[in-house]
>>> print(open('protein.txt').read())   # compact mmCIF, C-alpha atoms and all ligand atoms
# COMPACT_ATOMS: atom_id res chain seq x y z
CA MET A 1171 53.18 -91.84 36.10
CA ARG A 1172 54.92 -93.00 39.20
CA ARG A 1173 56.87 -89.80 39.30
CA ARG A 1174 53.80 -87.65 39.12
CA VAL A 1175 52.20 -89.36 42.11
CA ASP A 1176 55.35 -88.85 44.09
CA GLU A 1177 55.37 -85.24 43.22
CA SER A 1178 51.77 -84.59 44.14
CA LYS A 1179 52.33 -86.42 47.39
CA ARG A 1180 55.32 -84.31 48.13
CA SER A 1181 53.52 -81.08 47.44
CA GLU A 1182 50.67 -82.24 49.63
CA GLU A 1183 53.09 -82.88 52.45
CA LYS A 1184 54.59 -79.50 51.91
CA SER A 1185 51.29 -77.70 52.16
CA VAL A 1186 50.37 -79.56 55.35
CA LYS A 1187 53.73 -78.58 56.82
CA LYS A 1188 53.13 -74.98 55.83
CA THR A 1189 49.78 -74.84 57.63
CA VAL A 1190 51.28 -76.34 60.74
CA ASN A 1191 54.10 -73.84 60.57
CA LYS A 1192 51.69 -70.99 60.22
CA VAL A 1193 49.65 -72.06 63.24
CA GLN A 1194 52.82 -72.47 65.26
CA THR A 1195 54.14 -69.07 64.22
CA ARG A 1196 50.91 -67.36 65.07
CA SER A 1197 50.50 -69.01 68.44
CA SER A 1198 54.11 -68.41 69.51
CA TRP A 1199 53.80 -64.81 68.37
CA TRP A 1200 50.70 -64.43 70.51
CA VAL A 1201 52.38 -66.05 73.50
CA TRP A 1202 55.21 -63.54 73.26
CA VAL A 1203 52.85 -60.60 73.02
CA LYS A 1204 51.01 -61.83 76.11
CA ARG A 1205 54.28 -62.34 77.96
CA ALA A 1206 55.44 -58.86 77.02
CA LEU A 1207 52.19 -57.29 78.19
CA ILE A 1208 52.35 -59.12 81.49
CA ALA A 1209 55.99 -58.09 81.93
CA ILE A 1210 55.23 -54.44 81.21
CA GLY A 1211 52.26 -54.47 83.58
CA THR A 1212 54.28 -56.07 86.36
CA LEU A 1213 57.16 -53.68 85.87
CA TYR A 1214 54.84 -50.70 85.95
CA VAL A 1215 53.23 -51.72 89.21
CA ALA A 1216 56.39 -53.02 90.87
CA THR A 1217 58.79 -50.21 90.03
CA PRO A 1218 57.82 -47.73 92.75
CA PHE A 1219 58.02 -50.47 95.38
CA VAL A 1220 61.33 -51.80 94.15
CA LEU A 1221 62.75 -48.29 94.21
CA ARG A 1222 61.49 -47.68 97.68
CA PHE A 1223 63.06 -50.76 99.11
CA PHE A 1224 66.15 -51.01 96.92
CA PRO A 1225 67.29 -47.42 96.44
CA SER A 1226 70.51 -48.42 94.68
CA VAL A 1227 68.40 -49.30 91.66
CA ILE A 1228 67.78 -45.58 91.42
CA GLN A 1229 71.36 -44.97 90.40
CA TYR A 1230 70.80 -47.20 87.44
CA LEU A 1231 67.46 -45.66 86.55
CA VAL A 1232 68.63 -42.09 86.93
CA TYR A 1233 71.61 -42.47 84.70
CA LYS A 1234 70.10 -45.10 82.41
CA HIS A 1235 73.52 -45.09 80.84
CA ALA A 1236 73.31 -48.65 79.67
CA ILE A 1237 70.61 -48.06 77.08
CA ILE A 1238 72.21 -49.10 73.85
CA TYR A 1239 71.82 -47.19 70.66
CA PHE A 1240 72.65 -49.11 67.55
CA VAL A 1241 75.16 -46.60 66.39
CA ASP A 1242 78.89 -46.98 65.83
CA LEU A 1243 80.13 -44.13 67.99
CA SER A 1244 83.51 -44.17 66.29
CA ARG A 1245 81.82 -43.05 63.05
CA PRO A 1246 79.96 -39.76 63.62
CA SER A 1247 79.79 -39.29 59.85
CA ASP A 1248 77.11 -42.02 59.81
CA LEU A 1249 74.85 -39.43 61.45
CA GLY A 1250 75.68 -36.70 58.96
CA LEU A 1251 78.44 -35.22 61.12
CA ASN A 1252 81.01 -35.21 58.34
CA HIS A 1253 83.22 -32.62 60.06
CA THR A 1254 83.47 -34.38 63.38
CA VAL A 1255 86.29 -36.40 64.88
CA ASN A 1256 85.82 -39.19 67.40
CA MET A 1257 88.45 -39.40 70.10
CA TYR A 1258 89.13 -40.87 73.53
CA LEU A 1259 90.40 -38.98 76.56
CA THR A 1260 91.47 -40.43 79.90
CA SER A 1261 90.05 -38.39 82.77
CA GLU A 1262 91.61 -40.57 85.45
CA ALA A 1263 93.21 -44.00 85.67
CA GLY A 1264 90.87 -46.55 84.16
CA VAL A 1265 88.35 -44.06 82.81
CA THR A 1266 88.33 -43.54 79.06
CA LEU A 1267 85.83 -41.04 77.67
CA GLY A 1268 84.39 -41.06 74.18
CA VAL A 1269 84.28 -37.51 72.76
CA TRP A 1270 83.11 -35.96 69.50
CA HIS A 1271 84.52 -32.67 68.29
CA THR A 1272 82.56 -30.96 65.53
CA VAL A 1273 84.29 -27.99 63.88
CA PRO A 1274 82.45 -24.90 62.56
CA GLU A 1275 80.38 -25.80 59.53
CA GLN A 1276 82.29 -23.53 57.15
CA LYS A 1277 85.26 -25.86 57.66
CA TRP A 1278 83.48 -29.05 56.65
CA LYS A 1279 85.31 -29.45 53.34
CA GLU A 1280 88.67 -28.66 54.78
CA ALA A 1281 88.01 -31.15 57.58
CA GLN A 1282 87.69 -34.17 55.29
CA GLY A 1283 90.21 -36.86 56.18
CA LYS A 1284 92.01 -34.67 58.69
CA SER A 1285 93.93 -36.08 61.66
CA LEU A 1286 93.23 -35.74 65.35
CA GLU A 1287 96.03 -33.14 65.52
CA TRP A 1288 94.29 -30.97 62.94
CA TYR A 1289 91.07 -31.03 64.92
CA GLU A 1290 92.91 -30.34 68.15
CA GLN A 1291 94.70 -27.33 66.67
CA SER A 1292 91.47 -26.00 65.16
CA LEU A 1293 90.19 -25.36 68.70
CA GLY A 1294 92.53 -22.36 68.77
CA ASP A 1295 91.21 -20.83 65.51
CA GLY A 1296 89.37 -18.02 67.31
CA SER A 1297 85.85 -19.44 67.01
CA PRO A 1298 83.90 -19.84 70.25
CA VAL A 1299 84.04 -23.36 71.68
CA PHE A 1300 81.02 -25.05 73.25
CA ILE A 1301 81.31 -28.01 75.57
CA TYR A 1302 78.05 -29.93 75.73
CA PHE A 1303 77.13 -31.94 78.82
CA HIS A 1304 74.28 -34.27 78.03
CA GLY A 1305 71.36 -35.64 80.04
CA ASN A 1306 70.75 -38.96 81.66
CA THR A 1307 70.06 -41.50 78.93
CA GLY A 1308 71.92 -42.94 75.98
CA SER A 1309 74.99 -41.55 74.32
CA ARG A 1310 76.36 -38.56 72.44
CA ALA A 1311 74.68 -39.94 69.30
CA ALA A 1312 71.11 -39.27 70.50
CA PRO A 1313 69.30 -37.15 67.89
CA HIS A 1314 68.66 -34.12 70.13
CA ARG A 1315 72.36 -34.01 71.05
CA VAL A 1316 73.47 -34.23 67.44
CA GLY A 1317 70.83 -31.56 66.81
CA VAL A 1318 72.44 -29.10 69.22
CA ALA A 1319 75.92 -29.81 67.80
CA ASN A 1320 74.58 -29.07 64.32
CA VAL A 1321 73.05 -25.75 65.42
CA LEU A 1322 76.30 -24.66 67.09
CA SER A 1323 78.41 -25.74 64.14
CA SER A 1324 76.17 -23.92 61.68
CA LEU A 1325 76.72 -20.75 63.74
CA GLY A 1326 80.46 -21.11 63.24
CA TYR A 1327 81.25 -22.55 66.66
CA HIS A 1328 83.04 -25.69 67.80
CA ALA A 1329 80.98 -28.30 69.63
CA VAL A 1330 82.71 -30.79 71.93
CA VAL A 1331 80.38 -33.50 73.18
CA MET A 1332 81.41 -36.12 75.71
CA ASP A 1333 79.93 -39.30 77.08
CA TYR A 1334 80.55 -39.33 80.80
CA ARG A 1335 81.99 -42.47 82.35
CA GLY A 1336 79.65 -45.39 81.88
CA PHE A 1337 77.73 -43.74 79.03
CA GLY A 1338 78.09 -44.63 75.36
CA ASP A 1339 81.47 -46.26 74.75
CA SER A 1340 83.11 -44.57 77.76
CA THR A 1341 84.37 -46.96 80.42
CA GLY A 1342 83.61 -46.91 84.16
CA GLU A 1343 80.44 -46.48 86.18
CA PRO A 1344 78.58 -43.18 86.50
CA THR A 1345 78.57 -41.49 89.88
CA GLN A 1346 77.97 -37.86 90.65
CA PRO A 1347 81.59 -37.09 91.66
CA GLY A 1348 82.78 -39.12 88.64
CA LEU A 1349 80.72 -37.03 86.26
CA ILE A 1350 82.20 -33.85 87.72
CA THR A 1351 85.73 -35.23 87.39
CA ASP A 1352 85.13 -36.10 83.74
CA ALA A 1353 83.61 -32.72 82.97
CA LEU A 1354 86.43 -30.81 84.66
CA TYR A 1355 88.97 -32.87 82.78
CA LEU A 1356 87.34 -32.17 79.42
CA TYR A 1357 87.08 -28.47 80.23
CA GLN A 1358 90.79 -28.24 81.09
CA TRP A 1359 91.65 -30.21 77.96
CA VAL A 1360 89.70 -27.80 75.78
CA ARG A 1361 90.92 -24.70 77.61
CA ALA A 1362 94.54 -25.75 77.05
CA ARG A 1363 93.92 -25.66 73.28
CA SER A 1364 91.37 -22.89 72.76
CA LYS A 1365 93.78 -19.94 73.19
CA ASP A 1366 91.74 -16.73 73.49
CA SER A 1367 88.45 -18.15 72.22
CA PRO A 1368 85.52 -18.03 74.61
CA VAL A 1369 84.67 -21.42 76.10
CA ILE A 1370 80.99 -21.85 76.87
CA LEU A 1371 79.26 -24.73 78.63
CA TRP A 1372 75.92 -26.07 77.42
CA GLY A 1373 74.23 -28.36 79.90
CA HIS A 1374 71.04 -30.26 79.19
CA SER A 1375 68.88 -31.91 81.86
CA LEU A 1376 71.21 -33.85 84.19
CA GLY A 1377 74.06 -32.07 82.39
CA THR A 1378 72.87 -28.73 83.77
CA ALA A 1379 73.97 -29.85 87.24
CA VAL A 1380 77.32 -30.93 85.81
CA SER A 1381 77.72 -27.53 84.13
CA THR A 1382 76.87 -25.47 87.19
CA GLY A 1383 78.93 -27.84 89.35
CA ILE A 1384 82.15 -27.34 87.43
CA SER A 1385 81.41 -23.62 86.96
CA VAL A 1386 81.46 -23.14 90.72
CA ILE A 1387 84.67 -25.15 91.08
CA LEU A 1388 86.42 -23.23 88.30
CA GLN A 1389 85.21 -19.91 89.67
CA GLU A 1390 86.58 -20.80 93.09
CA GLN A 1391 89.89 -21.70 91.45
CA GLY A 1392 89.98 -18.26 89.86
CA ASN A 1393 89.47 -19.44 86.27
CA PRO A 1394 85.76 -18.95 85.62
CA VAL A 1395 84.20 -20.24 82.39
CA ASP A 1396 83.09 -17.57 79.95
CA ALA A 1397 79.40 -18.42 79.94
CA VAL A 1398 76.88 -21.15 80.65
CA ILE A 1399 73.71 -22.18 78.85
CA LEU A 1400 71.24 -24.38 80.71
CA GLU A 1401 68.60 -26.27 78.75
CA GLY A 1402 65.77 -28.09 80.55
CA ALA A 1403 67.37 -27.43 83.94
CA PHE A 1404 66.20 -28.89 87.22
CA THR A 1405 66.14 -27.22 90.56
CA THR A 1406 67.58 -29.35 93.37
CA GLY A 1407 66.48 -32.90 93.85
CA LYS A 1408 64.79 -31.65 96.99
CA LEU A 1409 61.21 -31.16 95.98
CA LYS A 1410 58.26 -29.50 97.54
CA LYS A 1411 55.89 -31.82 99.33
CA GLY A 1412 53.32 -33.27 97.00
CA GLN A 1413 55.47 -32.45 93.98
CA PRO A 1414 56.07 -35.50 91.81
CA HIS A 1415 59.67 -36.21 91.09
CA PRO A 1416 60.50 -35.12 87.53
CA PHE A 1417 61.89 -38.51 86.59
CA MET A 1418 58.59 -40.03 87.62
CA TRP A 1419 56.50 -38.22 85.09
CA TYR A 1420 55.33 -41.45 83.55
CA TYR A 1421 53.34 -42.05 86.72
CA TRP A 1422 51.59 -38.74 86.41
CA ARG A 1423 48.20 -40.35 86.09
CA PHE A 1424 48.65 -42.08 89.41
CA PRO A 1425 49.42 -39.51 92.09
CA TYR A 1426 49.10 -42.21 94.71
CA ILE A 1427 52.07 -44.06 93.23
CA GLN A 1428 53.99 -40.83 92.93
CA TYR A 1429 53.37 -40.15 96.56
CA TYR A 1430 54.37 -43.62 97.61
CA PHE A 1431 57.58 -43.18 95.70
CA SER A 1432 59.16 -41.53 98.67
CA LEU A 1433 61.72 -38.92 97.78
CA ASP A 1434 63.97 -39.63 100.76
CA SER A 1435 66.25 -42.07 99.04
CA ILE A 1436 66.46 -39.98 95.92
CA GLU A 1437 67.44 -36.93 97.89
CA ALA A 1438 69.96 -38.91 99.90
CA ASN A 1439 72.60 -38.95 97.21
CA VAL A 1440 72.20 -40.11 93.69
CA LEU A 1441 69.75 -37.59 92.50
CA TYR A 1442 70.96 -34.53 94.18
CA LEU A 1443 71.08 -31.99 91.38
CA PRO A 1444 72.45 -28.94 93.15
CA ASN A 1445 71.64 -26.30 90.52
CA THR A 1446 69.97 -24.07 93.09
CA ASP A 1447 72.98 -24.00 95.41
CA ASN A 1448 75.40 -23.60 92.53
CA LEU A 1449 73.55 -20.68 90.96
CA LYS A 1450 73.61 -18.86 94.27
CA LYS A 1451 77.40 -18.79 93.97
CA MET A 1452 77.90 -18.37 90.23
CA THR A 1453 78.78 -15.03 88.68
CA THR A 1454 79.13 -16.44 85.16
CA PRO A 1455 76.95 -14.99 82.40
CA LEU A 1456 74.02 -17.33 82.04
CA MET A 1457 71.25 -18.17 79.63
CA ILE A 1458 68.42 -20.49 80.61
CA LEU A 1459 66.52 -22.13 77.75
CA HIS A 1460 63.29 -23.86 78.69
CA SER A 1461 60.24 -25.15 76.97
CA LYS A 1462 56.95 -24.34 78.66
CA ASP A 1463 55.69 -27.86 78.06
CA ASP A 1464 58.77 -29.53 79.53
CA HIS A 1465 57.32 -32.65 81.18
CA MET A 1466 60.52 -33.65 83.03
CA ALA A 1467 61.56 -30.31 84.47
CA PRO A 1468 58.41 -28.19 84.78
CA PHE A 1469 58.73 -24.58 83.69
CA TRP A 1470 58.51 -23.20 87.23
CA MET A 1471 61.93 -24.71 87.81
CA ALA A 1472 63.41 -22.46 85.13
CA GLU A 1473 61.72 -19.43 86.66
CA GLU A 1474 63.03 -20.31 90.09
CA LEU A 1475 66.57 -20.75 88.77
CA TYR A 1476 66.31 -17.50 86.85
CA SER A 1477 65.34 -15.52 89.92
CA ILE A 1478 68.14 -17.12 91.98
CA ALA A 1479 70.70 -16.31 89.28
CA LYS A 1480 69.45 -12.72 89.00
CA ASN A 1481 69.91 -12.24 92.71
CA ALA A 1482 73.37 -13.78 92.67
CA LEU A 1483 74.59 -11.81 89.65
CA LYS A 1484 72.96 -8.59 90.83
CA SER A 1485 72.46 -7.80 87.18
CA GLU A 1486 69.73 -8.36 84.63
CA ASP A 1487 72.20 -8.16 81.77
CA LYS A 1488 74.20 -11.21 82.66
CA VAL A 1489 71.32 -13.62 82.94
CA ARG A 1490 68.45 -14.33 80.61
CA LEU A 1491 65.57 -16.75 80.51
CA VAL A 1492 64.28 -17.76 77.10
CA ALA A 1493 60.94 -19.58 77.13
CA PHE A 1494 59.70 -21.67 74.21
CA ASP A 1495 55.98 -21.82 73.73
CA ALA A 1496 54.19 -25.04 74.63
CA SER A 1497 52.47 -25.05 71.25
CA HIS A 1498 55.72 -26.18 69.59
CA GLY A 1499 55.67 -29.43 71.54
CA TYR A 1500 59.42 -29.39 72.26
CA LEU A 1501 58.98 -31.00 75.69
CA HIS A 1502 62.28 -31.74 77.43
CA ASN A 1503 64.60 -32.39 74.49
CA GLY A 1504 63.31 -30.70 71.39
CA LEU A 1505 64.05 -26.99 71.53
CA TYR A 1506 67.11 -27.38 69.31
CA ARG A 1507 64.56 -27.47 66.48
CA ASP A 1508 63.37 -23.92 67.09
CA PRO A 1509 64.05 -21.68 64.08
CA ALA A 1510 64.72 -18.72 66.38
CA LEU A 1511 67.34 -20.58 68.42
CA PRO A 1512 70.41 -19.80 66.26
CA ASN A 1513 69.84 -16.05 66.64
CA ILE A 1514 69.24 -16.36 70.35
CA ILE A 1515 72.55 -18.20 70.78
CA ARG A 1516 74.47 -15.83 68.51
CA GLU A 1517 73.26 -12.81 70.42
CA PHE A 1518 74.20 -14.39 73.74
CA VAL A 1519 77.67 -15.36 72.51
CA GLU A 1520 78.26 -11.84 71.19
CA SER A 1521 77.20 -10.33 74.49
CA VAL A 1522 79.68 -12.59 76.26
CA ALA A 1523 82.55 -12.04 73.86
CA LYS A 1524 82.29 -8.27 74.21
C1 LIG B 1601 78.82 -32.15 55.21
O1 LIG B 1601 78.24 -31.39 56.26
C2 LIG B 1601 77.93 -30.06 55.92
C3 LIG B 1601 77.49 -29.36 57.18
O2 LIG B 1601 76.46 -30.02 57.83
C4 LIG B 1601 76.90 -30.02 54.82
O3 LIG B 1601 76.60 -28.70 54.47
C5 LIG B 1601 77.46 -30.78 53.63
O4 LIG B 1601 76.48 -30.85 52.62
C6 LIG B 1601 77.87 -32.19 54.02
N1 LIG B 1601 78.54 -32.81 52.88
C7 LIG B 1601 78.36 -34.07 52.53
C8 LIG B 1601 79.14 -34.54 51.36
O5 LIG B 1601 77.62 -34.81 53.12
>>> encode(input="protein.txt", output="structure tokens")
Amino acid sequence: MRRRVDESKRSEEKSVKKTVNKVQTRSSWWVWVKRALIAIGTLYVATPFVLRFFPSVIQYLVYKHAIIYFVDLSRPSDLGLNHTVNMYLTSEAGVTLGVWHTVPEQKWKEAQGKSLEWYEQSLGDGSPVFIYFHGNTGSRAAPHRVGVANVLSSLGYHAVVMDYRGFGDSTGEPTQPGLITDALYLYQWVRARSKDSPVILWGHSLGTAVSTGISVILQEQGNPVDAVILEGAFTTGKLKKGQPHPFMWYYWRFPYIQYYFSLDSIEANVLYLPNTDNLKKMTTPLMILHSKDDHMAPFWMAEELYSIAKNALKSEDKVRLVAFDASHGYLHNGLYRDPALPNIIREFVESVAK
């Protein structure tokens, strides 16, 4: 009898505790939601002002390299890249770069369990080699980057994808000259192993400026790259008056804020993307891929770059602009999904290899 009373008492206590717990959980949950909403609102309003008065923050925002993806970059096979090796290269003292090398898809079985040396030697197997320079956020594991590597590999090409200094698991801090140093280093590293295979650069977004930047340098050194593909390319950071900065698209509903976000400090250094100047000098065969609904780099930028490149190359054959219809919804990152893309790339590579 005694025991039973005890038990019922205990269960009563338990249920009271449970209710209290529930109320506490709910109220603390609500407090956090409120806090988050206030934080987001404050951030949204304050950002343009912070950027205006503390331009160095822009460096951080532009490169957004610190965004962490919960991916183990040393294991590309986790993302389905089962014929990819992860490696580290040192572009200069103190700067270690994380790099993935994906071999042509037909080699996936042969590639299982192979060493770094095997991958390195495979670069000289006669298949075209692509070096991919990515855009301003995250790491080489971002889905649209893996997507491009998969397309290239399925076409029978090598894809070498690097995280610049400060991105992914690469060490150092990103700066514009630093990115160029890293890209040049990777290019020379690949070139030293690729024998007679064509080496083609694929730049996306911020990476387009890296691609055209090293193309000009290599051309001036007398060793031009074989071809360049630019995806979602920007014109210079210098914008027309009244033109919102492409990285500010999330303020598009508030032109007043966009206007207040003076472009002076952006132009000054960090966000100088000199594609326009570079294309005026480049004589490298070029393909510009651009989605008409690109919300970061509006389509007119691609048209402007195309006409500059045509003038510089004095040839319609060596430069092409491929537009992807807005109805696909590819925006800035998604055109790797286009079913026509593999053929477009193959044709371009064949025209270059001729
Ligand atoms: C490995 O990758 C290739 C190419 O993407 C794919 O065709 C194959 O099915 C994959 N194999 C395994 C075991 O996941």
>>> residues_near_ligand(input="protein.txt", ligand="ligand LIG 1601 (chain B)", cutoff="6 Å", atoms="all atoms listed in the file", output="PDB file with C-alpha atoms, in the frame of the given file")
ATOM      1  CA  ASN A1252      81.010 -35.210  58.340  1.00  0.00           C
ATOM      2  CA  GLU A1275      80.380 -25.800  59.530  1.00  0.00           C
ATOM      3  CA  TRP A1278      83.480 -29.050  56.650  1.00  0.00           C
TER       4      TRP A1278
END
>>> atom_distance(input="protein.txt", atom1="atom CA of A:Phe1469", atom2="atom CA of A:His1374")
14.3 Å
>>> closest_residue(input="protein.txt", among="A:Gly1383, A:Pro1298, A:Gly1348, A:Gly1305", to="A:Pro1368", atoms="all atoms listed in the file")
A:Pro1298
>>> residues_around(input="protein.txt", residues="A:Ile1301", least_positions_apart="2", cutoff="8 Å", atoms="all atoms listed in the file", output="ChimeraX atom specification")
/A:1299,1303,1329-1331,1357,1369-1372
>>> atom_distance(input="protein.txt", atom1="atom CA of A:Ala1479", atom2="atom CA of A:Pro1394")
15.7 Å
>>> atom_distance(input="protein.txt", atom1="atom CA of A:Gly1338", atom2="atom CA of A:Ser1309")
4.5 Å
>>> axis_aligned_box(input="protein.txt", around="stretch 1256-1259 of chain A", padding_each_side="4 Å", output="lines of an AutoDock Vina configuration file")
center_x = 88.1
center_y = -39.9
center_z = 72.0
size_x = 12.6
size_y = 9.9
size_z = 17.2
>>> residues_around(input="protein.txt", residues="A:Lys1488", least_positions_apart="6", cutoff="10 Å", atoms="only C-alpha atoms", output="ChimeraX atom specification")
/A:1397,1453-1457,1479-1480,1518,1521-1522
>>> closest_residue(input="protein.txt", among="A:Val1269, A:Thr1307, A:Ala1281, A:Gly1317", to="A:Trp1359", atoms="only C-alpha atoms")
A:Val1269
>>> residues_around(input="protein.txt", residues="A:Leu1501", least_positions_apart="3", cutoff="7 Å", atoms="all atoms listed in the file", output="list in words")
Ser1461, Asp1463, Asp1464, His1465 and Gly1504 of chain A
>>> residues_near_point(input="protein.txt", point="(81.1, -24.5, 64.0)", cutoff="10 Å", atoms="only C-alpha atoms", output="PyMOL selection string")
chain A and resi 1253+1271-1278+1297-1300+1319-1329
